[in-house]
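Q: Attaching a single structure in structure tokens format; questions to follow.
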Amino acid sequence: MDINAKSLLDKLNIEHSLTVDEYEYLLNHVDDELMEAAAEYARAYQDKYYGNKVFTRGLIEFTNFCRNNCYYCGIRRENHNCERYRLSKKQILECADAGYELGFRTIVLQGGEDFAFSDEDICDIVSGIRAAHEDMVVTLSIGERSRESYEKYYEAGARRYLLRHETANPALYAKLHPAELSWENRMRCLRDLKEIGYQVGAGFMVESPGQTNYDLAMDLKFIEEFKPDMCGIGPFISHKETPFAKEASGTLNTTLFCLSLIRIIYPQVLLPATTALGTIDPRGREKGIQAGANVVMPNLSPVSVRRMYTLYDNKICTGEEAAECRGCLEQRMSTIGYEIVVDPGNRAGLVQ
Ligand code: 5AD
Ligand code: FES
């Protein structure tokens, strides 16, 4: 293990802050021993704030129509081989009911940027779920909107919003997205969401095409400074119908190391072991939890539409019913000594 890297890790564990250059140094000098040292620090915080409890969020992927054309994403508008679907309000409410029965106390409504759902439609769905289950926390993950729209959703009862920043480097952002999308607007959205009072989830892809360790270091610095309540990260995975079809996917180890570092940077953060991590390694989600993650997000969407929501190739869990995924995850977590709980899963220390 590189001695300077170990002392930087120790410094991070005390100060919860490093310079971008120092984060880059850690990423450049990682080996198995440094990874394990980081994971040990990360698990100590995980244990302090969450014990062996793992939070769940039930994911409802309610539309795969998207007006955007991100180069990495399988549901980009120019993928004409993507079979499109929208769930009806009734179907969405049924998924939420089923999720409630299965013990989920928070659901994530995720979709492409599909403006066929008006703000009124979104508000109607949010308030419908809230009316049916008063102790269900509703999370939205529907992309970039105006501040006014975000305010309307909040008034309708949504309390959390997931919007990954994708990369903290504007230059890399411009390589991953067409010019019609801007890093500045992404950041504007994240700031608006926080100011309105949402619990906010940011996050990034690990080893996306062209990403350097310096870029990743910028992401870590961004998390340190912005302090999102949740940070969703997963490896980039290529999708055959995108411009990035031939690009290499991200790796397990870099993702695990980033998870541990994020836990050390912000000990109370909500950190999911993502489906993408479970896709690149059969025990990816378990390994993610052991690296410091404390959330899993199984799918509640009807099985009939699951395979149409493929952001990347070989996505797992496209054939399983919601109850199967829940059971599968419970079992997976118990093999590593963790337990899934029936709980809204707030960030430790959250002031509401
Ligand atoms: N590989 C990994 N993650 C992806 N996402 C989109 N496309 C891919 C891909 N090819 C992630 C993005 C997005 C989230 C919903 O899924 O980070 O914000
Ligand atoms: Fe879906 Fe294991 S979590 S099958």
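In the structure tokens, each chain is lettered A, B, ... as it comes, each chain's residues begin at 1, and ligands are numbered from 1 in order of appearance.
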Show me which residues sit within 7 Å of ligand 1 when counting only C-alpha atoms and all ligand atoms, and put them as a VMD selection string.
A: chain A and resid 72 to 74 163 to 164 166 203 to 205 234 to 239 276 311 to 312
Q: Output the selection as a compact mmCIF listing (two decimals), in the first residue's frame - all heavy atoms for each residue.
A:
```
# COMPACT_ATOMS: atom_id res chain seq x y z
N TYR A 72 -25.01 7.94 -23.49
CA TYR A 72 -24.80 6.67 -22.79
C TYR A 72 -26.07 5.87 -22.56
O TYR A 72 -26.01 4.70 -22.22
CB TYR A 72 -24.13 6.94 -21.42
CG TYR A 72 -24.77 8.07 -20.63
CD1 TYR A 72 -25.90 7.83 -19.85
CD2 TYR A 72 -24.28 9.38 -20.70
CE1 TYR A 72 -26.51 8.87 -19.14
CE2 TYR A 72 -24.87 10.41 -19.99
CZ TYR A 72 -25.99 10.15 -19.22
OH TYR A 72 -26.59 11.17 -18.54
N CYS A 73 -27.22 6.51 -22.73
CA CYS A 73 -28.44 5.92 -22.17
C CYS A 73 -29.28 5.17 -23.20
O CYS A 73 -29.58 5.69 -24.29
CB CYS A 73 -29.27 7.02 -21.53
SG CYS A 73 -30.71 6.37 -20.67
N GLY A 74 -29.71 3.99 -22.84
CA GLY A 74 -30.48 3.12 -23.74
C GLY A 74 -31.87 3.62 -24.08
O GLY A 74 -32.46 3.18 -25.07
N LEU A 163 -31.66 13.23 -8.81
CA LEU A 163 -31.18 13.77 -10.08
C LEU A 163 -29.66 13.70 -10.04
O LEU A 163 -29.00 14.53 -9.44
CB LEU A 163 -31.63 15.24 -10.26
CG LEU A 163 -31.26 15.87 -11.59
CD1 LEU A 163 -32.16 15.37 -12.71
CD2 LEU A 163 -31.36 17.40 -11.51
N ARG A 164 -29.13 12.66 -10.65
CA ARG A 164 -27.67 12.55 -10.62
C ARG A 164 -27.04 13.72 -11.37
O ARG A 164 -27.55 14.12 -12.42
CB ARG A 164 -27.24 11.24 -11.28
CG ARG A 164 -27.63 10.02 -10.47
CD ARG A 164 -27.00 8.82 -11.10
NE ARG A 164 -27.25 7.61 -10.38
CZ ARG A 164 -26.78 6.42 -10.77
NH1 ARG A 164 -26.05 6.33 -11.87
NH2 ARG A 164 -27.03 5.34 -10.06
N GLU A 166 -24.25 13.39 -12.75
CA GLU A 166 -23.58 12.62 -13.82
C GLU A 166 -22.07 12.84 -13.85
O GLU A 166 -21.31 11.90 -13.94
CB GLU A 166 -24.18 12.83 -15.22
CG GLU A 166 -25.70 12.69 -15.33
CD GLU A 166 -26.25 11.30 -14.99
OE1 GLU A 166 -25.48 10.39 -14.68
OE2 GLU A 166 -27.48 11.16 -15.00
N GLY A 203 -25.43 12.21 -7.83
CA GLY A 203 -24.67 10.99 -8.12
C GLY A 203 -24.05 11.02 -9.49
O GLY A 203 -24.29 11.94 -10.28
N PHE A 204 -23.24 10.01 -9.75
CA PHE A 204 -22.47 10.02 -11.01
C PHE A 204 -22.19 8.59 -11.47
O PHE A 204 -22.29 7.63 -10.70
CB PHE A 204 -21.16 10.78 -10.82
CG PHE A 204 -20.32 10.32 -9.64
CD1 PHE A 204 -19.31 9.38 -9.81
CD2 PHE A 204 -20.54 10.81 -8.37
CE1 PHE A 204 -18.52 8.97 -8.74
CE2 PHE A 204 -19.78 10.40 -7.28
CZ PHE A 204 -18.76 9.48 -7.47
N MET A 205 -21.85 8.50 -12.73
CA MET A 205 -21.43 7.21 -13.28
C MET A 205 -19.92 7.08 -13.09
O MET A 205 -19.17 8.05 -13.24
CB MET A 205 -21.76 7.13 -14.77
CG MET A 205 -23.23 6.86 -15.01
SD MET A 205 -23.59 6.71 -16.75
CE MET A 205 -23.31 8.38 -17.30
N GLY A 234 -22.91 4.25 -9.82
CA GLY A 234 -22.81 2.91 -10.38
C GLY A 234 -21.85 2.97 -11.54
O GLY A 234 -21.55 4.06 -12.06
N PRO A 235 -21.35 1.82 -11.96
CA PRO A 235 -20.45 1.81 -13.12
C PRO A 235 -21.20 2.18 -14.39
O PRO A 235 -22.38 1.84 -14.54
CB PRO A 235 -20.00 0.34 -13.18
CG PRO A 235 -21.12 -0.43 -12.55
CD PRO A 235 -21.67 0.47 -11.47
N PHE A 236 -20.55 2.89 -15.28
CA PHE A 236 -21.10 3.04 -16.63
C PHE A 236 -21.13 1.65 -17.26
O PHE A 236 -20.18 0.87 -17.10
CB PHE A 236 -20.21 3.97 -17.47
CG PHE A 236 -20.42 3.77 -18.95
CD1 PHE A 236 -21.55 4.28 -19.58
CD2 PHE A 236 -19.51 3.03 -19.71
CE1 PHE A 236 -21.78 4.04 -20.94
CE2 PHE A 236 -19.72 2.80 -21.07
CZ PHE A 236 -20.86 3.32 -21.68
N ILE A 237 -22.23 1.32 -17.93
CA ILE A 237 -22.32 0.04 -18.64
C ILE A 237 -22.79 0.35 -20.06
O ILE A 237 -23.78 1.06 -20.24
CB ILE A 237 -23.32 -0.92 -17.96
CG1 ILE A 237 -22.93 -1.17 -16.49
CG2 ILE A 237 -23.40 -2.25 -18.72
CD1 ILE A 237 -23.93 -1.99 -15.69
N SER A 238 -22.08 -0.17 -21.05
CA SER A 238 -22.43 0.22 -22.42
C SER A 238 -23.78 -0.39 -22.82
O SER A 238 -24.20 -1.42 -22.29
CB SER A 238 -21.33 -0.22 -23.38
OG SER A 238 -21.22 -1.62 -23.35
N HIS A 239 -24.44 0.30 -23.73
CA HIS A 239 -25.71 -0.18 -24.27
C HIS A 239 -25.54 -0.25 -25.78
O HIS A 239 -25.08 0.72 -26.40
CB HIS A 239 -26.84 0.78 -23.89
CG HIS A 239 -28.19 0.31 -24.35
ND1 HIS A 239 -28.54 0.22 -25.67
CD2 HIS A 239 -29.27 -0.11 -23.65
CE1 HIS A 239 -29.78 -0.24 -25.77
NE2 HIS A 239 -30.25 -0.44 -24.56
N ALA A 276 -26.90 -1.26 -11.29
CA ALA A 276 -25.76 -1.33 -12.22
C ALA A 276 -24.60 -2.09 -11.59
O ALA A 276 -23.92 -2.89 -12.26
CB ALA A 276 -25.32 0.08 -12.63
N LEU A 311 -31.51 0.97 -19.51
CA LEU A 311 -30.59 2.10 -19.68
C LEU A 311 -29.25 1.58 -20.18
O LEU A 311 -28.50 2.29 -20.83
CB LEU A 311 -30.40 2.81 -18.34
CG LEU A 311 -31.66 3.22 -17.60
CD1 LEU A 311 -31.31 4.00 -16.34
CD2 LEU A 311 -32.56 4.07 -18.48
N TYR A 312 -28.95 0.29 -19.84
CA TYR A 312 -27.69 -0.33 -20.23
C TYR A 312 -27.95 -1.81 -20.46
O TYR A 312 -28.98 -2.35 -20.05
CB TYR A 312 -26.61 -0.13 -19.14
CG TYR A 312 -27.12 -0.39 -17.74
CD1 TYR A 312 -27.23 -1.69 -17.26
CD2 TYR A 312 -27.54 0.65 -16.92
CE1 TYR A 312 -27.73 -1.93 -15.99
CE2 TYR A 312 -28.04 0.41 -15.65
CZ TYR A 312 -28.13 -0.87 -15.19
OH TYR A 312 -28.63 -1.12 -13.95
```
Q: Please find the residues contacting ligand 2 at a distance of at most 6 Å between atoms, with only C-alpha atoms and all ligand atoms counted, and report them as a list in words.
A: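 Listing the residues within 6 Å of ligand 2 gives Pro298, Cys317, Glu320, Cys325, Cys328 and Leu329 of chain A.
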Q: Hey, can you spit out that residue selection with C-alpha atoms as a PDB file, in the first residue's frame?
A:
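And here is the file that came out, selection.pdb:
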```pdb
ATOM      1  CA  PRO A 298     -35.505  -3.114  -5.994  1.00  0.00           C
ATOM      2  CA  CYS A 317     -34.036  -8.266 -12.392  1.00  0.00           C
ATOM      3  CA  GLU A 320     -38.642 -11.111 -11.524  1.00  0.00           C
ATOM      4  CA  CYS A 325     -36.760  -9.106  -5.848  1.00  0.00           C
ATOM      5  CA  CYS A 328     -33.977 -12.145  -3.154  1.00  0.00           C
ATOM      6  CA  LEU A 329     -32.486  -9.015  -1.667  1.00  0.00           C
TER       7      LEU A 329
END
```
Q: Between CA of Ala158 in chain A and CA of Val138 in chain A, what distance in Å does the model show, to one decimal?
A: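 Computed distance, CA of Ala158 in chain A to CA of Val138 in chain A, equals 5.1 Å.
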Q: To one decimal place, how far is CA of Arg347 in chain A from CA of Asn294 in chain A in Å?
A: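 Between CA of Arg347 in chain A and CA of Asn294 in chain A the gap is 10.2 Å.
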